[in-house]
Structure formats: C-alpha cells, structure tokens
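What follows is the content of run14.pdb, which has PDB, C-alpha atoms:
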```pdb
ATOM      1  CA  GLU M 621     -25.098 -10.852   8.008
ATOM      2  CA  LEU M 622     -21.959 -10.807   5.970
ATOM      3  CA  ASP M 623     -19.273 -13.412   6.493
ATOM      4  CA  LEU M 624     -16.392 -11.696   4.743
ATOM      5  CA  PRO M 625     -12.869 -13.082   5.051
ATOM      6  CA  ALA M 626     -10.248 -10.840   6.597
ATOM      7  CA  ILE M 627      -6.492 -10.856   6.564
ATOM      8  CA  ALA M 628      -4.680 -11.076   9.890
ATOM      9  CA  VAL M 629      -2.790  -7.912  10.810
ATOM     10  CA  GLY M 630       0.830  -8.446  11.791
ATOM     11  CA  ASP M 631       3.348  -6.291  13.657
ATOM     12  CA  SER M 632       5.213  -4.040  11.237
ATOM     13  CA  ASP M 633       7.439  -2.848  14.098
ATOM     14  CA  ALA M 634       8.761  -6.414  14.460
ATOM     15  CA  LEU M 635      10.120  -6.486  10.899
ATOM     16  CA  GLU M 636      13.889  -6.752  10.599
ATOM     17  CA  LEU M 637      16.358  -6.317   7.762
ATOM     18  CA  GLY M 638      16.270  -9.333   5.483
ATOM     19  CA  ASP M 639      12.751 -10.474   6.460
ATOM     20  CA  ASP M 640      10.742 -11.893   3.552
ATOM     21  CA  LEU M 641       7.872  -9.897   2.070
ATOM     22  CA  HIS M 642       5.216 -10.993  -0.403
ATOM     23  CA  ILE M 643       3.609  -8.136  -2.330
ATOM     24  CA  MET M 644       0.227  -8.364  -4.050
ATOM     25  CA  GLY M 645      -1.723  -5.724  -5.893
ATOM     26  CA  PHE M 646      -3.898  -4.947  -8.873
ATOM     27  CA  PRO M 647      -2.094  -2.277 -10.916
ATOM     28  CA  GLY M 648      -3.556  -1.064 -14.183
ATOM     29  CA  ILE M 649      -0.247  -1.850 -15.895
ATOM     30  CA  GLY M 650      -0.480  -5.498 -14.818
ATOM     31  CA  GLY M 651      -3.425  -6.173 -17.076
ATOM     32  CA  SER M 652      -6.568  -7.681 -15.629
ATOM     33  CA  THR M 653      -4.835  -9.881 -13.064
ATOM     34  CA  ILE M 654      -3.359  -9.522  -9.618
ATOM     35  CA  THR M 655       0.405  -9.112  -9.598
ATOM     36  CA  PHE M 656       2.648 -10.893  -7.107
ATOM     37  CA  THR M 657       6.294 -10.253  -6.240
ATOM     38  CA  ASN M 658       8.622 -11.382  -3.479
ATOM     39  CA  GLY M 659      11.337  -9.404  -1.784
ATOM     40  CA  THR M 660      12.981  -8.644   1.506
ATOM     41  CA  VAL M 661      13.040  -5.746   3.930
ATOM     42  CA  SER M 662      16.021  -3.657   2.855
ATOM     43  CA  GLY M 663      15.690  -0.706   5.236
ATOM     44  CA  PHE M 664      13.527   1.740   7.110
ATOM     45  CA  THR M 665      12.996   5.477   6.691
ATOM     46  CA  ARG M 666      11.734   8.184   9.003
ATOM     47  CA  GLN M 667       9.604  11.170   8.054
ATOM     48  CA  PRO M 668       8.829  14.450   9.833
ATOM     49  CA  ASN M 669       5.676  14.309  11.993
ATOM     50  CA  ILE M 670       5.642  10.483  12.105
ATOM     51  CA  ASP M 671       7.013   8.688  15.148
ATOM     52  CA  GLY M 672       9.131   5.632  14.383
ATOM     53  CA  ARG M 673       9.168   3.980  10.978
ATOM     54  CA  ALA M 674       7.412   5.975   8.286
ATOM     55  CA  TRP M 675       8.495   3.728   5.406
ATOM     56  CA  ILE M 676       9.702   0.179   4.956
ATOM     57  CA  LYS M 677      12.082  -0.143   2.016
ATOM     58  CA  THR M 678      12.111  -3.349   0.008
ATOM     59  CA  ASP M 679      13.986  -4.811  -2.916
ATOM     60  CA  ALA M 680      10.729  -6.240  -4.290
ATOM     61  CA  THR M 681       9.733  -4.836  -7.660
ATOM     62  CA  ILE M 682       6.480  -2.971  -7.095
ATOM     63  CA  ALA M 683       4.559  -1.250  -9.877
ATOM     64  CA  GLY M 684       3.156   2.121  -8.835
ATOM     65  CA  GLY M 685      -0.393   0.949  -9.473
ATOM     66  CA  ASN M 686       0.025  -1.531  -6.608
ATOM     67  CA  SER M 687      -0.591   1.260  -4.098
ATOM     68  CA  GLY M 688      -3.162   0.057  -1.608
ATOM     69  CA  GLY M 689      -2.300  -3.607  -2.116
ATOM     70  CA  THR M 690      -0.779  -5.878   0.489
ATOM     71  CA  ALA M 691       2.657  -6.673   1.818
ATOM     72  CA  VAL M 692       2.500  -9.802   3.942
ATOM     73  CA  ASN M 693       5.070 -11.696   5.994
ATOM     74  CA  ASN M 694       5.766 -15.441   5.848
ATOM     75  CA  SER M 695       2.847 -16.028   8.241
ATOM     76  CA  GLY M 696       0.435 -14.389   5.785
ATOM     77  CA  GLU M 697      -0.105 -11.369   8.053
ATOM     78  CA  LEU M 698      -0.527  -7.871   6.625
ATOM     79  CA  VAL M 699       2.525  -5.888   7.712
ATOM     80  CA  ALA M 700       2.575  -3.013   5.221
ATOM     81  CA  ILE M 701       0.765  -1.312   2.359
ATOM     82  CA  PRO M 702       2.549  -0.538  -0.934
ATOM     83  CA  THR M 703       2.337   3.234  -1.226
ATOM     84  CA  LEU M 704       3.648   5.626  -3.836
ATOM     85  CA  ALA M 705       5.621   8.485  -2.305
ATOM     86  CA  GLY M 706       5.012  12.047  -3.418
ATOM     87  CA  SER M 707       7.785  14.391  -4.434
ATOM     88  CA  THR M 708       7.237  16.481  -1.287
ATOM     89  CA  ASP M 709       5.371  16.184   2.016
ATOM     90  CA  ASP M 710       2.471  18.053   0.374
ATOM     91  CA  PRO M 711      -0.358  15.491   0.025
ATOM     92  CA  ASP M 712      -1.482  17.193  -3.206
ATOM     93  CA  ALA M 713       1.984  17.040  -4.773
ATOM     94  CA  GLN M 714       2.708  15.199  -8.013
ATOM     95  CA  THR M 715       4.247  11.760  -7.571
ATOM     96  CA  VAL M 716       7.886  11.396  -8.492
ATOM     97  CA  ASP M 717       8.415  11.024 -12.258
ATOM     98  CA  CYS M 718       4.904   9.864 -13.063
ATOM     99  CA  ARG M 719       3.887   9.518 -16.714
ATOM    100  CA  PHE M 720       0.963   8.398 -18.841
ATOM    101  CA  ILE M 721       2.566   5.446 -20.634
ATOM    102  CA  THR M 722      -0.110   2.733 -20.633
ATOM    103  CA  ASP M 723      -3.767   2.633 -21.630
ATOM    104  CA  THR M 724      -4.988   1.828 -18.098
ATOM    105  CA  ASN M 725      -8.638   2.658 -18.777
ATOM    106  CA  SER M 726      -8.777   0.545 -21.978
ATOM    107  CA  ASP M 727     -10.223   3.311 -24.172
ATOM    108  CA  GLY M 728      -7.591   2.768 -26.877
ATOM    109  CA  VAL M 729      -5.814   6.068 -26.156
ATOM    110  CA  ILE M 730      -2.923   6.900 -23.828
ATOM    111  CA  ASN M 731      -3.680  10.311 -22.329
ATOM    112  CA  GLY M 732      -4.404  12.175 -19.095
ATOM    113  CA  LEU M 733      -7.501  10.039 -18.468
ATOM    114  CA  ASP M 734      -5.245   7.020 -17.799
ATOM    115  CA  SER M 735      -3.561   6.272 -14.478
ATOM    116  CA  CYS M 736      -0.237   7.990 -14.089
ATOM    117  CA  ILE M 737       2.464   5.302 -13.886
ATOM    118  CA  PRO M 738       5.572   6.120 -11.833
ATOM    119  CA  VAL M 739       8.714   5.388 -13.811
ATOM    120  CA  GLY M 740      11.272   6.557 -11.296
ATOM    121  CA  GLY M 741      11.754   7.738  -7.771
ATOM    122  CA  PHE M 742      10.896   5.904  -4.566
ATOM    123  CA  ILE M 743       8.206   3.539  -5.807
ATOM    124  CA  ASN M 744       9.108   0.517  -3.676
ATOM    125  CA  GLY M 745       7.842   2.126  -0.508
ATOM    126  CA  LEU M 746       5.701   0.335   2.009
ATOM    127  CA  ARG M 747       3.769   2.099   4.735
ATOM    128  CA  PRO M 748       3.944   0.113   7.998
ATOM    129  CA  VAL M 749       0.568  -1.242   9.079
ATOM    130  CA  ALA M 750       1.349   0.151  12.554
ATOM    131  CA  LEU M 751       0.545   3.626  11.164
ATOM    132  CA  ALA M 752      -3.054   2.449  10.730
ATOM    133  CA  ALA M 753      -3.382   1.018  14.261
ATOM    134  CA  ASP M 754      -5.850   3.689  15.450
ATOM    135  CA  LEU M 755      -8.019   3.317  12.350
ATOM    136  CA  LEU M 756      -7.997  -0.480  12.627
ATOM    137  CA  LYS M 757      -8.940  -0.289  16.311
ATOM    138  CA  GLU M 758     -11.852   2.036  15.523
ATOM    139  CA  ALA M 759     -13.086  -0.323  12.802
ATOM    140  CA  GLU M 760     -12.781  -3.291  15.160
ATOM    141  CA  ASP M 761     -14.824  -1.510  17.842
ATOM    142  CA  THR M 762     -17.574  -0.425  15.436
ATOM    143  CA  ASP M 763     -20.742  -2.471  15.093
ATOM    144  CA  PRO M 764     -21.150  -3.173  11.352
ATOM    145  CA  GLY M 765     -24.892  -2.737  11.835
ATOM    146  CA  ASP M 766     -24.303   0.937  12.690
ATOM    147  CA  TYR M 767     -22.751   1.483   9.280
ATOM    148  CA  LEU M 768     -25.471  -0.427   7.465
ATOM    149  CA  ARG M 769     -28.200   1.547   9.272
ATOM    150  CA  GLU M 770     -26.584   4.783   8.040
ATOM    151  CA  LEU M 771     -26.842   3.570   4.448
TER     152      LEU M 771
END
```
What would you get if you wrote out this structure as structure tokens?
Amino acid sequence: ELDLPAIAVGDSDALELGDDLHIMGFPGIGGSTITFTNGTVSGFTRQPNIDGRAWIKTDATIAGGNSGGTAVNNSGELVAIPTLAGSTDDPDAQTVDCRFITDTNSDGVINGLDSCIPVGGFINGLRPVALAADLLKEAEDTDPGDYLREL
C-alpha cells in the first residue's frame, strides 16, 4: 500500500478578482530547484467550446516551463494549473513566441533538443481546476489496486 500525500482541490469557480495565488513549478529555466511566485487573480477569459472560465489571468510571473505546476489559494488548495497557451485553438500549434534560449537538457548546447521557452504572449495563464473535475472524480472512484494489477 502506498501512503502518498495529496493536495486538497479547491473551487476555482469561487476565485474572485484580487484573490491571492501562490504558483509553484519546476521549469527547466529555473535550474534544479522548484520556483515559487506570488500574485493575484487579475481576470478571467472564455474560450470556444468551454463553458464558463477557460483561463484565469494572474499578475504572477510564471516561466513557461512551469506548465503543469500548481496554483494554490491561501488555504493551500489547488485551484488552477499553470498552462502555456498555444497560438491557436489547434492542440498541435506552436506556442506563442517560443524560443530555444537556455540549455534545459544540460548537454552544453542550446538547440532544438532543449525545451522551448516562451518569451512572449500569454504565458501567465492558469487553467481552472474545475475543468478537470470529471477526471478527478474518475480517479477518486478508481481502486488503485485495479491500476496496479494492470501493470
């Protein structure tokens, strides 16, 4: 049996303008440590085919490599995921103004094998955790033993 810690999931729909956010992630450009920034909710954005809030805007400085990290409220609850926006709605589209500027794979060379670092565009986007509600519910209802038996 695994006794892994888990972060509490908050209500991203309850966020209001000016609410505090604490952003953590592990971007390649941050070196070999976790990065941490604070900010506030500065707005919300809609997107075609998504009901309600598609994006939470923040004034926190978020490096593009933080995608998949955490955005937590003052109660330490996960309310959003830092996510780099693409230049179009096409999931295979290039990210906005993304360049190879740092040796993220530590091979001594900056080239296409490194992580592309966004240097412009909408990089302080947070996806509301509410968009993952169905996935989280499915994970909660799944017996971990079922997954381990499949392995």
Point-to-point distance from CA of Gly638 in chain M to CA of Asn693 in chain M, Å rounded to tenths: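 Answer for the CA of Gly638 in chain M to CA of Asn693 in chain M separation: 11.5 Å.
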Interatomic distance, CA of Pro625 in chain M to CA of Thr681 in chain M (Å, one decimal):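 Spanning CA of Pro625 in chain M to CA of Thr681 in chain M is a straight-line distance of 27.2 Å.
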Selection result for the PyMOL selection byres ((chain M and resi 651-664) around 6) on this file, as a ChimeraX atom specification: /M:637-646,648-650,665,675-680
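This file gives the following result for the PyMOL selection byres ((chain M and resi 696-698) around 10): Ile627, Ala628, Val629, Gly630, Asp631, Ser632, Leu641, His642, Ile643, Gly689, Thr690, Ala691, Val692, Asn693, Asn694, Ser695, Val699, Ala700, Ile701, Pro748 and Val749 of chain M.
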For the selection you just gave me, I'd like the residues written to a file as an mmCIF file, keeping the file's coordinate frame, keeping C-alpha atoms.
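This went into again_23.cif:
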```
data_model
loop_
_atom_site.group_PDB
_atom_site.id
_atom_site.type_symbol
_atom_site.label_atom_id
_atom_site.label_comp_id
_atom_site.auth_asym_id
_atom_site.auth_seq_id
_atom_site.Cartn_x
_atom_site.Cartn_y
_atom_site.Cartn_z
ATOM 1 C CA ILE M 627 -6.492 -10.856 6.564
ATOM 2 C CA ALA M 628 -4.680 -11.076 9.890
ATOM 3 C CA VAL M 629 -2.790 -7.912 10.810
ATOM 4 C CA GLY M 630 0.830 -8.446 11.791
ATOM 5 C CA ASP M 631 3.348 -6.291 13.657
ATOM 6 C CA SER M 632 5.213 -4.040 11.237
ATOM 7 C CA LEU M 641 7.872 -9.897 2.070
ATOM 8 C CA HIS M 642 5.216 -10.993 -0.403
ATOM 9 C CA ILE M 643 3.609 -8.136 -2.330
ATOM 10 C CA GLY M 689 -2.300 -3.607 -2.116
ATOM 11 C CA THR M 690 -0.779 -5.878 0.489
ATOM 12 C CA ALA M 691 2.657 -6.673 1.818
ATOM 13 C CA VAL M 692 2.500 -9.802 3.942
ATOM 14 C CA ASN M 693 5.070 -11.696 5.994
ATOM 15 C CA ASN M 694 5.766 -15.441 5.848
ATOM 16 C CA SER M 695 2.847 -16.028 8.241
ATOM 17 C CA VAL M 699 2.525 -5.888 7.712
ATOM 18 C CA ALA M 700 2.575 -3.013 5.221
ATOM 19 C CA ILE M 701 0.765 -1.312 2.359
ATOM 20 C CA PRO M 748 3.944 0.113 7.998
ATOM 21 C CA VAL M 749 0.568 -1.242 9.079
#
```
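Here CA of Leu756 in chain M is placed at a distance of 24.6 Å from CA of Ile682 in chain M.
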Quick one: range 660-671 of chain M with all heavy atoms, as a compact mmCIF listing (two decimals), keeping the file's coordinate frame?
```
# COMPACT_ATOMS: atom_id res chain seq x y z
N THR M 660 12.59 -8.68 0.10
CA THR M 660 12.98 -8.64 1.51
C THR M 660 12.96 -7.21 2.00
O THR M 660 12.99 -6.26 1.22
CB THR M 660 14.40 -9.22 1.72
OG1 THR M 660 15.33 -8.46 0.94
CG2 THR M 660 14.47 -10.68 1.31
N VAL M 661 12.92 -7.07 3.31
CA VAL M 661 13.04 -5.75 3.93
C VAL M 661 14.48 -5.30 3.74
O VAL M 661 15.41 -6.00 4.14
CB VAL M 661 12.69 -5.81 5.43
CG1 VAL M 661 12.96 -4.46 6.09
CG2 VAL M 661 11.24 -6.23 5.64
N SER M 662 14.67 -4.15 3.10
CA SER M 662 16.02 -3.66 2.86
C SER M 662 16.36 -2.41 3.67
O SER M 662 17.50 -1.96 3.65
CB SER M 662 16.23 -3.38 1.36
OG SER M 662 15.30 -2.43 0.90
N GLY M 663 15.40 -1.87 4.40
CA GLY M 663 15.69 -0.71 5.24
C GLY M 663 14.42 -0.06 5.75
O GLY M 663 13.31 -0.50 5.45
N PHE M 664 14.63 0.99 6.52
CA PHE M 664 13.53 1.74 7.11
C PHE M 664 13.84 3.22 6.98
O PHE M 664 15.01 3.62 6.99
CB PHE M 664 13.35 1.38 8.60
CG PHE M 664 13.17 -0.09 8.83
CD1 PHE M 664 14.24 -0.88 9.21
CD2 PHE M 664 11.94 -0.69 8.64
CE1 PHE M 664 14.10 -2.25 9.40
CE2 PHE M 664 11.77 -2.05 8.84
CZ PHE M 664 12.85 -2.83 9.22
N THR M 665 12.81 4.04 6.85
CA THR M 665 13.00 5.48 6.69
C THR M 665 12.06 6.21 7.64
O THR M 665 10.94 5.77 7.89
CB THR M 665 12.69 5.90 5.24
OG1 THR M 665 13.50 5.13 4.36
CG2 THR M 665 12.95 7.37 5.01
N ARG M 666 12.55 7.33 8.15
CA ARG M 666 11.73 8.18 9.00
C ARG M 666 11.19 9.34 8.17
O ARG M 666 11.64 9.59 7.06
CB ARG M 666 12.56 8.72 10.17
CG ARG M 666 12.99 7.62 11.12
CD ARG M 666 13.60 8.25 12.38
NE ARG M 666 13.97 7.23 13.31
CZ ARG M 666 13.15 6.67 14.21
NH1 ARG M 666 11.91 7.05 14.26
NH2 ARG M 666 13.58 5.75 15.04
N GLN M 667 10.21 10.03 8.73
CA GLN M 667 9.60 11.17 8.05
C GLN M 667 9.16 12.16 9.12
O GLN M 667 8.68 11.74 10.18
CB GLN M 667 8.41 10.67 7.25
CG GLN M 667 7.72 11.72 6.42
CD GLN M 667 6.61 11.10 5.57
OE1 GLN M 667 6.72 9.97 5.11
NE2 GLN M 667 5.55 11.85 5.37
N PRO M 668 9.29 13.46 8.85
CA PRO M 668 8.83 14.45 9.83
C PRO M 668 7.36 14.21 10.20
O PRO M 668 6.56 13.81 9.36
CB PRO M 668 8.99 15.78 9.10
CG PRO M 668 10.01 15.52 8.04
CD PRO M 668 9.84 14.08 7.64
N ASN M 669 7.04 14.42 11.45
CA ASN M 669 5.68 14.31 11.99
C ASN M 669 5.17 12.87 12.11
O ASN M 669 3.98 12.67 12.36
CB ASN M 669 4.68 15.15 11.19
CG ASN M 669 5.07 16.61 11.13
OD1 ASN M 669 5.51 17.17 12.13
ND2 ASN M 669 4.93 17.21 9.98
N ILE M 670 6.03 11.88 11.91
CA ILE M 670 5.64 10.48 12.10
C ILE M 670 6.64 9.86 13.07
O ILE M 670 7.84 9.86 12.81
CB ILE M 670 5.61 9.69 10.78
CG1 ILE M 670 4.52 10.24 9.87
CG2 ILE M 670 5.40 8.20 11.03
CD1 ILE M 670 4.43 9.55 8.51
N ASP M 671 6.14 9.35 14.18
CA ASP M 671 7.01 8.69 15.15
C ASP M 671 7.41 7.31 14.64
O ASP M 671 6.57 6.57 14.12
CB ASP M 671 6.31 8.53 16.50
CG ASP M 671 6.07 9.87 17.19
OD1 ASP M 671 6.87 10.80 16.97
OD2 ASP M 671 5.07 9.99 17.92
```
